[in-house]
Amino acid sequence: MEKIEHTTVPTNGINMHIASIGTGPVILFLHGFPELWYSWRHQLLSLSSHGYRCIAPDLRGFGDTDAPPSAASYTALHIVGDLVGLLDHLGIDQVFVVGHDWGAVMAWYFCLFKPDRVKALVNMSVAFRPRNPKRKPLESLRFMFGDDYYICRFQEPGEIEEEFAHAGSARTIKRFLTSRNPRPPCVPKGGFRGPPGPDTQYTLPAWLSEEDVNYFASKFDKRGFTGGLNYYRAMDLTWELTAPWTRDQIKVPVKFIVGDLDITYHIPGVQDYIHKGGFKRDVPFLQEVVVMEGAAHFINQEKPEEISAHIYDFIKKF
């Protein structure tokens, strides 16, 4: 880990922290919520040993990267703009992209907006979702899951931050990262506060140490959760701004990986979409779909060796 270099790069009006290691063709790793560059610690070390230059930023709003206060500053156009600016600053023309969770969402948009900058994509957890021109995302989610669905609960500024603060960053991180329930996460008001008293309710799995949790928690203690929550709060604005790309396909080579216990894999209609032709229709250069048995949402941390091997086996073809 001490071989990983940390630098700050100006891009798109913000300062972005990046972790990097290795030399060779570039792999850009994009993390999710509530995470950091650190989520890719295993892949950075593994893929750099195979002759790649691995770069993992803290995305806008996370960790040691700037966090503009307004949710309107967190659309897909902002995030992809940050990444294009990062690559331009570093003098990098094309990259392999690897994404997970919100990082996967932004990786899809990156490929939609700037396919010329992407050699190939390995995306995890969140399949491509073509834009529905008839209904905004939040309206669809409320219709499917109700107002207590976690994404709906995240919408009111300050409300969920207060619950996370009451629980504490470490307990909040543990709650997310250790969850293995594939059902839609519906949490009534106050439900993220957690019970009072010592933090004993979340048993850490072998792949997640107290040291790992403390690293995440230390950054969220400093930065807060608002930046990460603003991705959810900008969903409808992204929908409005991406109308010109309605029905556009993803035109880069893709490998997709998901755990069979991932909540995203159990959203109604998703498995049919992935396995019965819809996904291939919208992502015509989709080459592989991997469903990992017994793996939950945070798959790149839970199954680090397997994920590193899946990434390498795919990108070495190009």
# chains A, B, ... in the order shown; residues from 1 in each chain; ligands from 1
>>> residues_around(residues="stretch 237-240 of chain A", least_positions_apart="4", cutoff="8 Å", atoms="only C-alpha atoms", output="short mmCIF file (atom, residue, chain, number, x, y, z; two decimals) with N, CA, C and O atoms, in the first residue's frame")
data_model
loop_
_atom_site.label_atom_id
_atom_site.label_comp_id
_atom_site.auth_asym_id
_atom_site.auth_seq_id
_atom_site.Cartn_x
_atom_site.Cartn_y
_atom_site.Cartn_z
N ALA A 72 -27.01 20.30 -7.46
CA ALA A 72 -27.05 20.55 -8.91
C ALA A 72 -25.67 20.44 -9.54
O ALA A 72 -25.55 20.42 -10.77
N THR A 75 -24.39 16.22 -11.41
CA THR A 75 -24.99 15.47 -12.52
C THR A 75 -23.91 14.62 -13.19
O THR A 75 -22.71 14.81 -12.99
N ALA A 76 -24.36 13.70 -14.04
CA ALA A 76 -23.43 12.87 -14.80
C ALA A 76 -22.50 13.72 -15.67
O ALA A 76 -21.34 13.37 -15.88
N LEU A 77 -23.00 14.85 -16.14
CA LEU A 77 -22.16 15.73 -16.96
C LEU A 77 -21.01 16.32 -16.14
O LEU A 77 -19.90 16.47 -16.65
N ARG A 131 -32.40 5.43 -20.75
CA ARG A 131 -33.23 6.52 -20.25
C ARG A 131 -34.68 6.32 -20.66
O ARG A 131 -34.99 6.06 -21.81
N LYS A 136 -39.41 10.41 -14.84
CA LYS A 136 -38.16 10.68 -14.14
C LYS A 136 -37.80 9.52 -13.22
O LYS A 136 -38.69 8.80 -12.73
N PRO A 137 -36.49 9.34 -12.95
CA PRO A 137 -36.06 8.20 -12.13
C PRO A 137 -36.72 8.13 -10.76
O PRO A 137 -37.15 7.05 -10.33
#
>>> residues_around(residues="stretch 100-111 of chain A", least_positions_apart="4", cutoff="6 Å", atoms="only C-alpha atoms", output="count of residues only")
9
>>> residues_around(residues="stretch 10-23 of chain A", least_positions_apart="2", cutoff="8 Å", atoms="only C-alpha atoms", output="PyMOL selection string")
chain A and resi 3-8+25-26+37+44-45+48-49+51-60+63-66+78+81-83+85-86+89
>>> closest_residue(among="A:Lys255, A:His275, A:Lys219, A:Arg193", to="A:Ile307", atoms="only C-alpha atoms")
A:Lys255
>>> closest_residue(among="A:Gly228, A:Glu211, A:Ala165, A:Gln249", to="A:Pro284", atoms="only C-alpha atoms")
A:Gln249
>>> select_by_dssp(residues="stretch 118-305 of chain A", states="helix (DSSP H, G or I)", output="ChimeraX atom specification")
/A:137-145,150-153,159-167,169-177,210-223,226-233,235-241,243-245,263-266,270-275,278-282,299-302,304-305
>>> residues_around(residues="A:Gly227", least_positions_apart="4", cutoff="10 Å", atoms="only C-alpha atoms", output="CSV table (one decimal) with N, CA and C atoms, in the first residue's frame")
chain,number,residue,atom,x,y,z
A,33,PHE,N,-20.8,4.5,-3.5
A,33,PHE,CA,-21.2,5.1,-2.2
A,33,PHE,C,-21.5,4.0,-1.2
A,59,LEU,N,-14.0,10.4,-6.2
A,59,LEU,CA,-14.9,11.2,-7.0
A,59,LEU,C,-15.3,12.5,-6.4
A,60,ARG,N,-15.8,13.4,-7.2
A,60,ARG,CA,-16.4,14.7,-6.7
A,60,ARG,C,-17.3,14.4,-5.4
A,61,GLY,N,-17.0,15.1,-4.3
A,61,GLY,CA,-17.8,15.0,-3.2
A,61,GLY,C,-17.3,14.0,-2.1
A,62,PHE,N,-16.3,13.2,-2.5
A,62,PHE,CA,-15.8,12.2,-1.6
A,62,PHE,C,-14.4,12.4,-1.2
A,63,GLY,N,-14.1,12.0,0.0
A,63,GLY,CA,-12.7,11.9,0.5
A,63,GLY,C,-11.9,13.2,0.4
A,65,THR,N,-11.2,14.9,-2.3
A,65,THR,CA,-11.6,15.7,-3.5
A,65,THR,C,-12.6,16.7,-3.0
A,66,ASP,N,-12.6,17.9,-3.7
A,66,ASP,CA,-13.5,18.9,-3.4
A,66,ASP,C,-15.0,18.5,-3.4
A,67,ALA,N,-15.8,19.1,-2.6
A,67,ALA,CA,-17.2,18.8,-2.6
A,67,ALA,C,-18.1,20.0,-2.7
A,68,PRO,N,-18.4,20.4,-3.9
A,68,PRO,CA,-19.3,21.6,-4.1
A,68,PRO,C,-20.6,21.4,-3.3
A,69,PRO,N,-21.2,22.4,-2.7
A,69,PRO,CA,-22.3,22.2,-1.8
A,69,PRO,C,-23.6,21.9,-2.5
A,70,SER,N,-23.8,22.4,-3.7
A,70,SER,CA,-25.1,22.2,-4.3
A,70,SER,C,-25.3,20.9,-5.0
A,71,ALA,N,-26.4,20.2,-4.8
A,71,ALA,CA,-26.7,18.9,-5.5
A,71,ALA,C,-26.7,19.1,-7.0
A,73,SER,N,-24.6,20.4,-8.7
A,73,SER,CA,-23.2,20.2,-9.2
A,73,SER,C,-22.8,18.8,-9.3
A,74,TYR,N,-23.7,17.8,-9.2
A,74,TYR,CA,-23.4,16.4,-9.2
A,74,TYR,C,-24.1,15.6,-10.3
A,220,PHE,N,-15.0,10.2,5.9
A,220,PHE,CA,-16.3,10.7,6.0
A,220,PHE,C,-16.6,11.6,7.2
A,223,ARG,N,-15.1,14.9,5.7
A,223,ARG,CA,-15.8,15.4,4.5
A,223,ARG,C,-17.3,15.5,4.7
A,231,TYR,N,-25.2,12.7,-5.3
A,231,TYR,CA,-25.4,12.0,-6.6
A,231,TYR,C,-26.8,11.5,-6.7
A,232,TYR,N,-27.4,11.1,-5.6
A,232,TYR,CA,-28.8,10.6,-5.6
A,232,TYR,C,-29.8,11.8,-5.8
A,233,ARG,N,-29.4,13.0,-5.2
A,233,ARG,CA,-30.2,14.1,-5.3
A,233,ARG,C,-30.2,14.8,-6.7
>>> residues_around(residues="A:Glu302", least_positions_apart="4", cutoff="12 Å", atoms="only C-alpha atoms", output="PyMOL selection string")
chain A and resi 39-43+177-180+204-209+258-259+261-262+292-298+306-308
>>> residues_around(residues="A:Gln94", least_positions_apart="2", cutoff="10 Å", atoms="only C-alpha atoms", output="list in words")
Pro25, Val26, Ile27, Leu28, Leu87, Asp88, Gly91, Ile92, Phe96, Val97, Pro115, Asp116, Arg117, Val118, Lys119 and Ala120 of chain A
>>> write_last_selection(atoms="C-alpha atoms", output="mmCIF file, in the first residue's frame")
data_model
loop_
_atom_site.group_PDB
_atom_site.id
_atom_site.type_symbol
_atom_site.label_atom_id
_atom_site.label_comp_id
_atom_site.auth_asym_id
_atom_site.auth_seq_id
_atom_site.Cartn_x
_atom_site.Cartn_y
_atom_site.Cartn_z
ATOM 1 C CA PRO A 25 -1.732 1.207 -20.249
ATOM 2 C CA VAL A 26 -4.028 3.145 -17.931
ATOM 3 C CA ILE A 27 -6.950 1.692 -15.960
ATOM 4 C CA LEU A 28 -9.296 4.254 -14.403
ATOM 5 C CA LEU A 87 -7.201 12.527 -18.183
ATOM 6 C CA ASP A 88 -6.417 15.698 -20.131
ATOM 7 C CA GLY A 91 -1.946 13.713 -20.866
ATOM 8 C CA ILE A 92 -3.831 10.424 -21.232
ATOM 9 C CA PHE A 96 -9.680 1.111 -19.621
ATOM 10 C CA VAL A 97 -12.525 1.980 -17.234
ATOM 11 C CA PRO A 115 -16.587 6.563 -26.261
ATOM 12 C CA ASP A 116 -13.410 7.715 -28.036
ATOM 13 C CA ARG A 117 -11.635 7.932 -24.657
ATOM 14 C CA VAL A 118 -12.506 4.348 -23.544
ATOM 15 C CA LYS A 119 -10.684 1.220 -24.770
ATOM 16 C CA ALA A 120 -12.978 -1.151 -22.880
#
>>> residues_around(residues="A:Leu141", least_positions_apart="3", cutoff="12 Å", atoms="only C-alpha atoms", output="short mmCIF file (atom, residue, chain, number, x, y, z; two decimals) with N, CA, C and O atoms, in the first residue's frame")
data_model
loop_
_atom_site.label_atom_id
_atom_site.label_comp_id
_atom_site.auth_asym_id
_atom_site.auth_seq_id
_atom_site.Cartn_x
_atom_site.Cartn_y
_atom_site.Cartn_z
N ARG A 135 -40.72 9.10 -17.86
CA ARG A 135 -40.83 9.23 -16.40
C ARG A 135 -39.47 9.45 -15.77
O ARG A 135 -38.51 8.75 -16.08
N LYS A 136 -39.41 10.41 -14.84
CA LYS A 136 -38.16 10.68 -14.14
C LYS A 136 -37.80 9.52 -13.22
O LYS A 136 -38.69 8.80 -12.73
N PRO A 137 -36.49 9.34 -12.95
CA PRO A 137 -36.06 8.20 -12.13
C PRO A 137 -36.72 8.13 -10.76
O PRO A 137 -37.15 7.05 -10.33
N LEU A 138 -36.81 9.26 -10.06
CA LEU A 138 -37.37 9.21 -8.70
C LEU A 138 -38.85 8.84 -8.71
O LEU A 138 -39.32 8.12 -7.83
N MET A 144 -42.25 2.02 -7.68
CA MET A 144 -41.89 0.62 -7.47
C MET A 144 -41.76 0.25 -6.00
O MET A 144 -42.17 -0.83 -5.58
N PHE A 145 -41.16 1.16 -5.20
CA PHE A 145 -40.73 0.77 -3.85
C PHE A 145 -41.33 1.61 -2.71
O PHE A 145 -41.20 1.24 -1.56
N GLY A 146 -41.92 2.76 -3.02
CA GLY A 146 -42.49 3.60 -1.97
C GLY A 146 -41.51 4.64 -1.45
O GLY A 146 -40.32 4.64 -1.77
N ASP A 147 -42.01 5.52 -0.58
CA ASP A 147 -41.22 6.66 -0.09
C ASP A 147 -40.10 6.26 0.86
O ASP A 147 -39.18 7.04 1.10
N ASP A 148 -40.17 5.05 1.44
CA ASP A 148 -39.14 4.62 2.38
C ASP A 148 -37.95 3.96 1.68
O ASP A 148 -36.97 3.58 2.34
N TYR A 149 -38.02 3.79 0.36
CA TYR A 149 -36.88 3.25 -0.38
C TYR A 149 -35.68 4.17 -0.15
O TYR A 149 -35.81 5.39 -0.14
N TYR A 150 -34.50 3.58 0.05
CA TYR A 150 -33.36 4.37 0.52
C TYR A 150 -33.04 5.57 -0.37
O TYR A 150 -32.71 6.66 0.11
N ILE A 151 -33.16 5.41 -1.70
CA ILE A 151 -32.85 6.52 -2.60
C ILE A 151 -33.86 7.66 -2.42
O ILE A 151 -33.49 8.83 -2.44
N CYS A 152 -35.11 7.32 -2.17
CA CYS A 152 -36.12 8.34 -1.89
C CYS A 152 -35.85 9.02 -0.54
O CYS A 152 -36.01 10.24 -0.41
N ARG A 153 -35.42 8.23 0.43
CA ARG A 153 -35.09 8.79 1.74
C ARG A 153 -33.89 9.73 1.68
O ARG A 153 -33.75 10.63 2.52
N PRO A 184 -35.00 -4.97 -1.64
CA PRO A 184 -34.88 -3.51 -1.76
C PRO A 184 -34.75 -2.86 -0.38
O PRO A 184 -35.58 -3.13 0.50
N PRO A 185 -33.73 -2.03 -0.17
CA PRO A 185 -33.53 -1.42 1.15
C PRO A 185 -34.55 -0.31 1.41
O PRO A 185 -34.43 0.79 0.86
N CYS A 186 -35.53 -0.60 2.21
CA CYS A 186 -36.53 0.39 2.62
C CYS A 186 -36.33 0.67 4.11
O CYS A 186 -36.36 -0.24 4.93
N TYR A 232 -27.43 11.05 -5.58
CA TYR A 232 -28.82 10.62 -5.58
C TYR A 232 -29.76 11.80 -5.81
O TYR A 232 -30.79 11.68 -6.48
N MET A 235 -30.22 12.92 -9.54
CA MET A 235 -30.66 11.92 -10.52
C MET A 235 -31.67 12.49 -11.52
O MET A 235 -31.57 12.28 -12.73
N ASP A 236 -32.65 13.23 -11.02
CA ASP A 236 -33.66 13.78 -11.92
C ASP A 236 -33.07 14.87 -12.82
O ASP A 236 -33.47 14.99 -13.99
N ILE A 267 -33.66 -6.01 -8.34
CA ILE A 267 -34.67 -5.03 -8.74
C ILE A 267 -35.57 -5.68 -9.79
O ILE A 267 -35.06 -6.32 -10.72
N PRO A 268 -36.88 -5.57 -9.65
CA PRO A 268 -37.78 -6.23 -10.60
C PRO A 268 -37.44 -5.89 -12.05
O PRO A 268 -37.26 -4.73 -12.41
#
>>> closest_residue(among="A:Gln155, A:Val9, A:His50, A:Gly269", to="A:Ile315", atoms="only C-alpha atoms")
A:His50
>>> select_by_dssp(residues="stretch 219-285 of chain A", states="strand (DSSP E or B)", output="number ranges by chain")
A: 254-259
>>> write_last_selection(atoms="N, CA and C atoms", output="short mmCIF file (atom, residue, chain, number, x, y, z; two decimals), in the first residue's frame")
data_model
loop_
_atom_site.label_atom_id
_atom_site.label_comp_id
_atom_site.auth_asym_id
_atom_site.auth_seq_id
_atom_site.Cartn_x
_atom_site.Cartn_y
_atom_site.Cartn_z
N VAL A 254 -17.53 -4.39 -23.47
CA VAL A 254 -17.94 -4.39 -22.06
C VAL A 254 -17.94 -5.80 -21.49
N LYS A 255 -17.47 -5.90 -20.24
CA LYS A 255 -17.68 -7.07 -19.39
C LYS A 255 -18.45 -6.60 -18.16
N PHE A 256 -19.49 -7.33 -17.78
CA PHE A 256 -20.31 -6.94 -16.63
C PHE A 256 -20.30 -8.04 -15.59
N ILE A 257 -20.11 -7.63 -14.32
CA ILE A 257 -20.00 -8.56 -13.20
C ILE A 257 -20.97 -8.14 -12.10
N VAL A 258 -21.71 -9.11 -11.56
CA VAL A 258 -22.63 -8.81 -10.46
C VAL A 258 -22.68 -10.01 -9.53
N GLY A 259 -22.89 -9.76 -8.25
CA GLY A 259 -23.09 -10.84 -7.29
C GLY A 259 -24.55 -11.25 -7.25
#
>>> closest_residue(among="A:Ile299, A:Ala243, A:Ala167, A:Val213", to="A:Tyr38", atoms="only C-alpha atoms")
A:Val213
>>> atom_distance(atom1="atom CA of A:Ser140", atom2="atom CA of A:Leu112")
22.2 Å
>>> closest_residue(among="A:Tyr273, A:Phe279, A:Phe143, A:Phe29", to="A:Asn300", atoms="only C-alpha atoms")
A:Phe29
